[in-house]
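Participant: Structure file target-v6.txt (compact mmCIF, C-alpha atoms and all ligand atoms) is given on the next line.
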# COMPACT_ATOMS: atom_id res chain seq x y z
CA ARG G 1 0.00 0.00 0.00
CA ASP G 2 1.22 3.45 -0.92
CA LEU G 3 0.77 5.55 2.15
CA HIS G 4 3.38 8.16 1.45
CA SER G 5 0.75 10.88 1.49
CA PHE G 6 -0.13 10.23 5.11
CA PRO G 7 1.61 12.20 7.83
CA THR G 8 4.32 10.29 9.66
CA ARG G 9 3.27 8.59 12.82
CA ARG G 10 3.74 10.43 16.10
CA SER G 11 3.74 8.74 19.50
CA SER G 12 0.61 10.62 20.60
CA ASP G 13 -1.25 9.30 17.57
CA LEU G 14 -2.22 5.98 19.07
CA LEU G 15 -5.71 4.62 18.95
CA GLN G 16 -7.40 4.60 22.34
CA VAL G 17 -10.20 2.42 23.56
CA MET G 18 -12.83 5.01 24.52
CA THR G 19 -14.35 4.59 27.94
CA SER G 20 -17.50 6.76 27.78
CA SER G 21 -20.63 4.68 28.40
CA THR G 22 -22.51 6.51 25.61
CA ASN G 23 -20.01 5.40 23.01
CA HIS G 24 -20.21 1.78 24.09
CA LYS G 25 -23.99 1.60 23.93
CA ILE G 26 -25.21 -1.11 21.59
CA LEU G 27 -25.72 -0.06 17.97
CA ARG G 28 -29.48 -0.32 17.34
CA LYS G 29 -30.39 2.45 14.93
CA ALA G 30 -29.53 3.35 11.35
CA ILE G 31 -30.32 6.39 9.24
CA PHE G 32 -30.83 5.95 5.50
CA PRO G 33 -30.72 9.32 3.75
CA VAL G 34 -32.82 8.83 0.61
CA ALA G 35 -33.82 12.42 -0.09
CA GLY G 36 -31.22 13.33 -2.72
CA LEU G 37 -32.31 14.52 -6.14
CA GLY G 38 -30.66 11.62 -7.98
CA SER G 39 -30.23 13.93 -10.96
CA ARG G 40 -27.60 11.72 -12.62
CA PHE G 41 -30.33 9.15 -13.22
CA LEU G 42 -33.03 11.34 -14.70
CA PRO G 43 -35.58 10.51 -16.01
CA ALA G 44 -35.56 7.23 -13.98
CA THR G 45 -35.53 9.24 -10.75
CA LYS G 46 -38.22 11.75 -11.70
CA ALA G 47 -40.96 10.11 -9.62
CA SER G 48 -39.05 7.58 -7.56
CA PRO G 49 -35.84 7.81 -5.49
CA LYS G 50 -32.65 6.36 -6.96
CA GLU G 51 -32.44 4.05 -3.94
CA MET G 52 -35.42 2.14 -5.40
CA MET G 53 -33.47 1.21 -8.54
CA PRO G 54 -32.92 -2.54 -8.67
CA VAL G 55 -29.73 -4.56 -8.83
CA VAL G 56 -30.96 -7.80 -10.41
CA ASP G 57 -34.18 -8.21 -8.41
CA LYS G 58 -33.80 -6.07 -5.28
CA PRO G 59 -33.87 -2.31 -4.87
CA LEU G 60 -30.66 -0.71 -3.60
CA ILE G 61 -32.35 0.32 -0.36
CA GLN G 62 -33.16 -3.29 0.48
CA TYR G 63 -29.52 -4.31 0.17
CA ALA G 64 -28.67 -1.51 2.62
CA VAL G 65 -31.38 -2.53 5.09
CA GLU G 66 -30.21 -6.16 4.95
CA GLU G 67 -26.68 -4.95 5.66
CA ALA G 68 -27.91 -2.99 8.69
CA VAL G 69 -29.80 -6.05 9.95
CA SER G 70 -26.62 -8.13 9.60
CA ALA G 71 -24.88 -5.64 11.93
CA GLY G 72 -27.58 -6.11 14.58
CA ILE G 73 -29.58 -2.96 13.81
CA THR G 74 -33.32 -3.11 14.47
CA GLU G 75 -34.53 0.49 14.02
CA MET G 76 -34.42 1.79 10.45
CA ILE G 77 -34.93 5.52 9.96
CA PHE G 78 -35.45 6.74 6.39
CA VAL G 79 -34.92 10.41 5.61
CA THR G 80 -37.10 10.81 2.57
CA GLY G 81 -37.66 13.55 0.02
CA ARG G 82 -40.16 14.30 -2.70
CA ALA G 83 -40.84 10.75 -3.83
CA LYS G 84 -41.15 9.15 -0.41
CA ARG G 85 -44.02 6.78 -1.13
CA ALA G 86 -42.09 4.21 -3.14
CA ILE G 87 -39.75 3.50 -0.21
CA ALA G 88 -42.48 3.43 2.45
CA ASP G 89 -44.61 1.16 0.24
CA HIS G 90 -41.68 -1.17 -0.36
CA PHE G 91 -41.20 -1.80 3.36
CA ASP G 92 -44.94 -1.88 4.11
CA LYS G 93 -47.15 -4.96 4.14
CA ALA G 94 -48.60 -5.57 0.65
CA TYR G 95 -51.94 -7.17 1.57
CA GLU G 96 -53.36 -7.40 -1.94
CA LEU G 97 -50.17 -8.82 -3.49
CA GLU G 98 -49.73 -11.32 -0.67
CA HIS G 99 -53.34 -12.43 -0.97
CA GLN G 100 -52.97 -12.98 -4.74
CA LEU G 101 -49.72 -14.93 -4.35
CA GLU G 102 -51.26 -17.10 -1.63
CA LYS G 103 -54.38 -17.76 -3.71
CA SER G 104 -52.32 -18.84 -6.70
CA GLY G 105 -50.05 -21.07 -4.55
CA LYS G 106 -46.86 -19.08 -5.29
CA ARG G 107 -45.32 -19.78 -1.91
CA GLU G 108 -41.73 -18.90 -2.78
CA LEU G 109 -42.72 -15.48 -4.13
CA LEU G 110 -44.97 -14.94 -1.13
CA GLU G 111 -42.02 -15.56 1.19
CA ILE G 112 -39.90 -13.09 -0.77
CA ALA G 113 -42.62 -10.42 -0.48
CA GLN G 114 -43.12 -11.07 3.23
CA GLY G 115 -39.42 -11.21 4.04
CA VAL G 116 -38.60 -7.66 2.92
CA VAL G 117 -38.66 -6.49 6.55
CA PRO G 118 -37.45 -9.17 8.98
CA LYS G 119 -39.39 -9.71 12.21
CA GLY G 120 -38.45 -7.37 15.05
CA VAL G 121 -37.30 -4.60 12.69
CA SER G 122 -39.11 -1.24 12.71
CA CYS G 123 -39.16 1.42 9.99
CA THR G 124 -39.69 5.15 10.58
CA TYR G 125 -39.93 7.81 7.89
CA ILE G 126 -39.04 11.44 8.27
CA ARG G 127 -39.12 14.15 5.67
CA GLN G 128 -36.21 16.34 4.59
CA THR G 129 -38.22 19.16 3.09
CA GLU G 130 -35.37 20.50 0.95
CA ALA G 131 -32.33 18.60 -0.36
CA LEU G 132 -29.80 20.82 1.44
CA GLY G 133 -27.10 18.18 1.66
CA LEU G 134 -26.18 14.95 3.42
CA GLY G 135 -25.28 16.69 6.70
CA HIS G 136 -28.70 18.32 6.78
CA ALA G 137 -30.41 14.99 5.98
CA VAL G 138 -28.70 13.24 8.92
CA LEU G 139 -29.52 16.13 11.28
CA THR G 140 -33.21 15.84 10.31
CA ALA G 141 -33.32 12.49 12.16
CA ALA G 142 -31.53 13.70 15.33
CA HIS G 143 -34.59 13.55 17.59
CA LEU G 144 -35.14 9.89 16.63
CA ILE G 145 -31.62 8.92 17.68
CA GLY G 146 -31.19 10.49 21.13
CA ASP G 147 -28.05 9.81 23.13
CA GLU G 148 -26.70 6.66 21.51
CA PRO G 149 -24.41 5.69 18.64
CA PHE G 150 -26.00 5.13 15.23
CA ALA G 151 -25.12 4.09 11.69
CA VAL G 152 -25.62 5.98 8.43
CA LEU G 153 -25.88 4.00 5.20
CA LEU G 154 -25.98 5.51 1.72
CA ALA G 155 -27.79 2.87 -0.28
CA ASP G 156 -26.38 4.03 -3.60
CA ASP G 157 -23.03 2.64 -2.43
CA LEU G 158 -23.62 -1.08 -2.74
CA ILE G 159 -20.94 -3.08 -0.94
CA HIS G 160 -20.71 -6.74 -1.80
CA CYS G 161 -18.80 -9.03 0.56
CA GLU G 162 -19.11 -12.10 2.72
CA VAL G 163 -19.22 -10.30 6.07
CA SER G 164 -21.12 -7.07 5.47
CA ALA G 165 -19.14 -3.83 5.54
CA LEU G 166 -21.28 -2.41 8.35
CA LYS G 167 -20.78 -5.54 10.44
CA GLN G 168 -17.01 -5.21 9.98
CA MET G 169 -17.25 -1.57 11.07
CA ALA G 170 -19.52 -2.39 14.03
CA GLU G 171 -16.81 -4.73 15.32
CA GLN G 172 -14.31 -1.84 15.29
CA HIS G 173 -16.88 0.46 16.90
CA ASN G 174 -17.66 -2.06 19.64
CA PHE G 175 -13.97 -2.45 20.41
CA TYR G 176 -12.78 1.16 20.28
CA GLY G 177 -16.06 2.87 21.20
CA SER G 178 -15.48 5.66 18.68
CA SER G 179 -17.03 6.83 15.45
CA VAL G 180 -15.97 4.89 12.34
CA VAL G 181 -16.05 5.96 8.69
CA ALA G 182 -15.61 3.50 5.82
CA VAL G 183 -12.81 4.23 3.36
CA GLN G 184 -11.33 2.68 0.25
CA GLN G 185 -8.39 3.43 -1.95
CA VAL G 186 -9.28 5.57 -4.96
CA SER G 187 -6.81 6.01 -7.78
CA GLY G 188 -6.10 9.08 -9.87
CA ALA G 189 -8.37 12.03 -10.55
CA ALA G 190 -11.47 10.22 -9.25
CA ILE G 191 -10.39 11.13 -5.71
CA SER G 192 -11.81 14.63 -6.16
CA ALA G 193 -15.35 13.19 -6.15
CA TYR G 194 -14.92 11.89 -2.57
CA GLY G 195 -14.51 12.98 0.99
CA VAL G 196 -10.79 12.34 1.52
CA ILE G 197 -9.10 11.53 4.82
CA SER G 198 -5.72 12.20 6.27
CA GLY G 199 -4.57 10.15 9.20
CA VAL G 200 -2.12 7.70 10.61
CA GLN G 201 -2.35 4.02 9.79
CA GLN G 202 -2.68 1.89 12.92
CA GLY G 203 -2.41 -1.75 12.10
CA ASP G 204 -4.42 -3.60 9.53
CA ARG G 205 -6.98 -1.45 7.66
CA LEU G 206 -7.37 1.07 10.49
CA TYR G 207 -6.51 4.77 10.45
CA LEU G 208 -6.72 7.34 13.19
CA LEU G 209 -8.22 10.35 11.46
CA ASP G 210 -6.60 13.73 11.77
CA GLY G 211 -8.43 15.45 8.94
CA ILE G 212 -11.12 15.02 6.30
CA VAL G 213 -12.01 17.22 3.34
CA GLU G 214 -14.92 17.05 0.88
CA LYS G 215 -14.21 16.83 -2.85
CA PRO G 216 -10.69 18.33 -2.86
CA LYS G 217 -8.86 19.22 -6.06
CA VAL G 218 -6.58 16.32 -7.00
CA LYS G 219 -3.48 18.34 -6.07
CA ASP G 220 -4.94 19.18 -2.64
CA ALA G 221 -6.15 15.66 -1.74
CA PRO G 222 -4.46 14.71 1.55
CA SER G 223 -4.34 11.00 0.61
CA ASP G 224 -5.74 8.43 -1.79
CA MET G 225 -8.30 7.16 0.74
CA GLY G 226 -11.87 8.14 -0.14
CA VAL G 227 -14.85 7.92 2.21
CA THR G 228 -17.64 5.58 1.09
CA GLY G 229 -21.24 5.60 2.24
CA ARG G 230 -21.05 3.80 5.59
CA TYR G 231 -20.60 5.55 8.93
CA ILE G 232 -21.03 4.82 12.62
CA PHE G 233 -21.31 7.97 14.71
CA SER G 234 -21.31 8.88 18.33
CA PRO G 235 -24.29 11.18 19.07
CA GLN G 236 -21.82 14.08 19.54
CA ILE G 237 -21.89 14.45 15.74
CA PHE G 238 -25.27 16.23 16.05
CA GLU G 239 -23.83 19.19 17.90
CA HIS G 240 -21.46 19.71 14.94
CA LEU G 241 -24.21 19.18 12.37
CA ARG G 242 -26.25 21.90 14.10
CA ALA G 243 -23.31 24.31 13.78
CA LEU G 244 -22.71 23.59 10.08
CA LYS G 245 -22.49 26.29 7.46
CA PRO G 246 -22.94 25.45 3.76
CA GLY G 247 -19.73 23.86 2.43
CA ALA G 248 -18.64 22.32 -0.91
CA GLY G 249 -21.34 22.80 -3.57
CA GLY G 250 -23.33 25.06 -1.20
CA GLU G 251 -24.58 21.96 0.68
CA TYR G 252 -24.47 21.16 4.39
CA GLN G 253 -21.70 18.59 4.28
CA LEU G 254 -21.50 15.65 6.67
CA THR G 255 -17.74 15.70 6.02
CA ASP G 256 -17.42 19.15 7.64
CA ALA G 257 -19.17 17.89 10.79
CA ILE G 258 -16.80 14.87 10.90
CA GLN G 259 -13.85 17.28 10.69
CA MET G 260 -15.19 19.08 13.77
CA LEU G 261 -15.95 15.81 15.57
CA LEU G 262 -12.42 14.47 15.13
CA MET G 263 -11.03 17.58 16.78
CA GLN G 264 -13.18 16.76 19.81
CA GLU G 265 -12.88 12.97 20.02
CA GLN G 266 -11.25 10.00 18.32
CA VAL G 267 -12.60 9.05 14.89
CA ILE G 268 -11.43 5.94 13.04
CA ALA G 269 -11.36 5.21 9.32
CA TYR G 270 -11.71 1.55 8.39
CA GLU G 271 -10.79 0.06 5.03
CA PHE G 272 -13.45 -2.63 4.68
CA HIS G 273 -13.09 -5.96 2.89
CA GLY G 274 -15.42 -6.12 -0.10
CA THR G 275 -16.29 -4.69 -3.50
CA ARG G 276 -18.09 -1.39 -3.65
CA TYR G 277 -20.28 -0.39 -6.58
CA ASP G 278 -21.08 3.28 -7.00
CA CYS G 279 -24.71 2.79 -7.95
CA GLY G 280 -25.27 6.55 -7.96
CA SER G 281 -23.59 6.44 -11.38
CA LYS G 282 -24.94 4.67 -14.47
CA LEU G 283 -21.80 2.62 -15.03
CA GLY G 284 -21.61 1.57 -11.38
CA LEU G 285 -25.22 0.38 -11.40
CA LEU G 286 -24.65 -1.61 -14.61
CA ARG G 287 -21.49 -3.20 -13.21
CA ALA G 288 -23.33 -4.21 -10.04
CA ASN G 289 -26.14 -5.74 -12.09
CA ILE G 290 -23.70 -7.79 -14.17
CA GLU G 291 -21.49 -8.96 -11.32
CA LEU G 292 -24.32 -9.78 -8.93
CA GLY G 293 -26.30 -11.23 -11.84
CA LEU G 294 -23.46 -13.67 -12.49
CA GLU G 295 -23.80 -14.91 -8.90
CA HIS G 296 -27.58 -15.12 -8.97
CA PRO G 297 -28.82 -18.73 -8.65
CA GLU G 298 -31.63 -18.20 -11.15
CA ILE G 299 -29.91 -16.35 -13.99
CA GLY G 300 -26.15 -16.63 -13.27
CA ASN G 301 -25.39 -19.46 -15.68
CA GLU G 302 -27.41 -18.06 -18.55
CA LEU G 303 -25.92 -14.62 -18.07
CA ARG G 304 -22.41 -16.09 -18.18
CA VAL G 305 -23.19 -17.91 -21.45
CA PHE G 306 -24.71 -14.75 -22.92
CA LEU G 307 -21.73 -12.59 -21.96
CA LYS G 308 -19.16 -15.11 -23.22
CA ASN G 309 -20.80 -16.37 -26.38
CA GLU G 310 -22.81 -13.45 -27.64
CA LEU G 311 -21.63 -10.22 -26.11
CA PHE G 312 -17.93 -10.96 -26.14
CA GLN G 313 -18.09 -11.77 -29.91
CA LYS G 314 -19.77 -8.44 -30.59
CA LEU G 315 -17.00 -6.62 -28.73
CA GLN G 316 -14.20 -8.25 -30.75
P1 LIG X 401 -25.55 12.32 -3.70
O1 LIG X 401 -24.38 13.18 -3.45
O2 LIG X 401 -25.33 11.08 -4.49
O3 LIG X 401 -26.66 13.24 -4.35
O4 LIG X 401 -26.16 11.92 -2.29
P2 LIG X 401 -28.01 12.91 -5.10
O5 LIG X 401 -28.77 14.19 -5.14
O6 LIG X 401 -28.76 11.77 -4.46
O7 LIG X 401 -27.61 12.41 -6.57
P3 LIG X 401 -27.19 13.26 -7.86
O8 LIG X 401 -25.78 13.69 -7.63
O9 LIG X 401 -28.15 14.41 -8.03
O10 LIG X 401 -27.31 12.26 -8.99
C1 LIG X 401 -25.59 10.93 -1.45
C2 LIG X 401 -26.67 10.36 -0.55
O11 LIG X 401 -27.22 11.35 0.29
C3 LIG X 401 -28.62 11.46 0.13
C4 LIG X 401 -28.90 10.85 -1.22
O12 LIG X 401 -30.23 10.32 -1.28
C5 LIG X 401 -27.84 9.76 -1.32
O13 LIG X 401 -28.22 8.59 -0.62
N1 LIG X 401 -28.98 12.90 0.25
C6 LIG X 401 -28.23 13.84 -0.38
C7 LIG X 401 -30.07 13.27 1.01
O14 LIG X 401 -30.78 12.42 1.60
N2 LIG X 401 -30.37 14.59 1.12
C8 LIG X 401 -29.63 15.56 0.52
O15 LIG X 401 -29.97 16.76 0.67
C9 LIG X 401 -28.54 15.17 -0.27
Can you present the structure in this file as structure tokens?

Facilitator:
Amino acid sequence: RDLHSFPTRRSSDLLQVMTSSTNHKILRKAIFPVAGLGSRFLPATKASPKEMMPVVDKPLIQYAVEEAVSAGITEMIFVTGRAKRAIADHFDKAYELEHQLEKSGKRELLEIAQGVVPKGVSCTYIRQTEALGLGHAVLTAAHLIGDEPFAVLLADDLIHCEVSALKQMAEQHNFYGSSVVAVQQVSGAAISAYGVISGVQQGDRLYLLDGIVEKPKVKDAPSDMGVTGRYIFSPQIFEHLRALKPGAGGEYQLTDAIQMLLMQEQVIAYEFHGTRYDCGSKLGLLRANIELGLEHPEIGNELRVFLKNELFQKLQ
């Protein structure tokens, strides 16, 4: 790993295990900001949020909820925008559909429809009246979180791996008791589309953050480690979100609140195991569909044959 861009390690830069009881509370709640405009996907996102776009046969938001469940989270909080109904309907009981499937003996499909929200999991919806930025979206849900740690998942980042990315992060959070942001290495000019960290590497895949900046120019990027859409925060983040002023792009940036948080308490960056698909971009969504399609028990084999025998020939 090329880490030359990180500051050299100082003796005071050691990770601490935090002792505050708030930070070690069990992770139960997750916020899903789904109120963005999704303008890169117009017209698909004109009447429905981009998080409802499917990868093979599941909307992006369901992958994210399943990931949260795998990390032990039971309270899902959706920050919705204009087209909120599609998401609420997806996680609601579909009486008519279930009745039809039962009547026609389609048991497998019935189970799929009924299993969208696992037992013991609750969903709450709250409105972000204007898309003022990710920081603003997270702050909108503050009163539903209270004084405990919580996760934030951006469903348009689909992370595919054996042990879910959020579960990997929750393990770090449970051990160190501090906020954790997910990072991955980003090469070349693409780094300027990310929040970028600076910090000191501390063992395998862990960094102690000492700075974070949103969408820097390539020449100003403090490292090649970009933040991806998974976070675990201590509730102290809210006090910094409340103090935010519009940042990059005129939006209230979550990154700016993280910068303030890390000056107050320890924040960790964790380089997760797994493949991330940027499903907020057309190419990323297509890649995810192809790669997850290849693994799908129903269509995987046929897709492989199609790609090899038909598509590959056309590309020659
Ligand atoms: P993006 O930066 O991808 O913005 O948001 P966007 O508006 O959804 O998409 P484009 O760029 O116009 O195509 C990252 C995440 O933050 C949420 C989005 O729904 C997405 O999950 N978000 C963003 C909000 O919930 N509210 C906001 O005000 C901004």

Participant: With distances taken over only C-alpha atoms, which residue among G:Leu307, G:Leu97, G:Val34, G:Ala68 lies nearest Gln168 (chain G)?

Facilitator: G:Ala68

Participant: Quick one: pull the distance between CA of Lys58 (chain G) and CA of Val116 (chain G), Å, one decimal.

Facilitator: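 Rounded to one decimal, the two atoms are 9.6 Å apart.
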
Participant: Could you list the protein, DNA and RNA residues that have any atom within 6 Å of ligand LIG 401 (chain X), counting all atoms listed in the file, and write them as a PyMOL selection string?

Facilitator: chain G and resi 33-40+131-134+137+154-156+280

Participant: So which one's closest to Ile112 (chain G), G:Ala94, G:Val180, G:Gly247, G:Leu15? Using only C-alpha atoms, please.

Facilitator: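 Residue with the minimum atom-to-atom distance to Ile112 (chain G): G:Ala94.
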
Participant: How close does region 129-201 of chain G get to region 288-292 of chain G? List, as a tab-separated table, each residue of region 129-201 of chain G within 10 Å, its nearest atom pair and the distance in Å to one decimal, counting all atoms listed in the file.

Facilitator:
residue	atom	partner	partner_atom	distance
G:Leu158	CA	G:Ala288	CA	7.9
G:Ile159	CA	G:Ala288	CA	9.5
G:His160	CA	G:Leu292	CA	8.6

Participant: Provide the CA of Asp278 (chain G) to CA of Leu262 (chain G) distance in Å, to one decimal place.

Facilitator: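 So the answer is 26.3 Å.
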
Participant: Using all atoms listed in the file, which protein or nucleic acid residues come within 6 Å of region 185-192 of chain G? Drop anything in the same chain fewer than 4 positions from it, and give the result as a VMD selection string.

Facilitator: chain G and resid 215 to 218 224 to 225

Participant: By how many Å are CA of Asp157 (chain G) and CA of Phe306 (chain G) apart?

Facilitator: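 One can read the CA of Asp157 (chain G) to CA of Phe306 (chain G) distance as 26.9 Å.
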
Participant: Could you name the residues that touch Cys123 (chain G) at 9 Å or less, counting all atoms listed in the file, but leaving out those on the same chain fewer than 4 positions away, as a ChimeraX atom specification?

Facilitator: /G:74-78,88,91-92,117

Participant: Between G:Ser198, G:Ser104, G:Thr45, G:Ser122, which residue has the minimum interatomic distance to Ala86 (chain G), considering all atoms listed in the file?

Facilitator: G:Thr45

Participant: With all atoms listed in the file as the basis for distance, which of G:Ile26, G:Val267, G:Val305, G:Val163 is at the shortest distance from Glu66 (chain G)?

Facilitator: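 Among the listed residues, the smallest separation from Glu66 (chain G) belongs to G:Val163.
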
Participant: Write out as a CSV table (one decimal) with C-alpha atoms, in the frame of the given file the residues lying within 9 Å of region 52-54 of chain G, counting all atoms listed in the file and excluding same-chain residues fewer than 4 positions away.

Facilitator:
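And here's out25.csv as it stands now:
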chain,number,residue,atom,x,y,z
G,44,ALA,CA,-35.6,7.2,-14.0
G,45,THR,CA,-35.5,9.2,-10.8
G,48,SER,CA,-39.0,7.6,-7.6
G,58,LYS,CA,-33.8,-6.1,-5.3
G,59,PRO,CA,-33.9,-2.3,-4.9
G,60,LEU,CA,-30.7,-0.7,-3.6
G,61,ILE,CA,-32.4,0.3,-0.4
G,62,GLN,CA,-33.2,-3.3,0.5
G,86,ALA,CA,-42.1,4.2,-3.1
G,87,ILE,CA,-39.8,3.5,-0.2
G,90,HIS,CA,-41.7,-1.2,-0.4
G,279,CYS,CA,-24.7,2.8,-8.0
G,285,LEU,CA,-25.2,0.4,-11.4
G,289,ASN,CA,-26.1,-5.7,-12.1

Participant: Which residue gives the smallest distance to Lys245 (chain G) among G:Thr275, G:Gly135, G:Glu265, G:Cys161, with all atoms listed in the file counted?

Facilitator: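 Distance minimum relative to Lys245 (chain G) lands on G:Gly135.
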
Participant: Nearest residue to Gly199 (chain G) out of G:Gln264, G:Glu148, G:Val183, G:Ala83, using all atoms listed in the file?

Facilitator: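 Of all the options, G:Val183 lies closest to Gly199 (chain G).
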
Participant: At a cut-off of 8 Å around the point (-26.6, -3.8, 19.1) (file coordinates), what residues fall inside when counting only C-alpha atoms? I'd like the answer as a list in words.

Facilitator: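 All residues meeting the 8 Å criterion around (-26.6, -3.8, 19.1) are Lys25, Ile26, Leu27, Arg28, Ala71, Gly72 and Ile73 of chain G.
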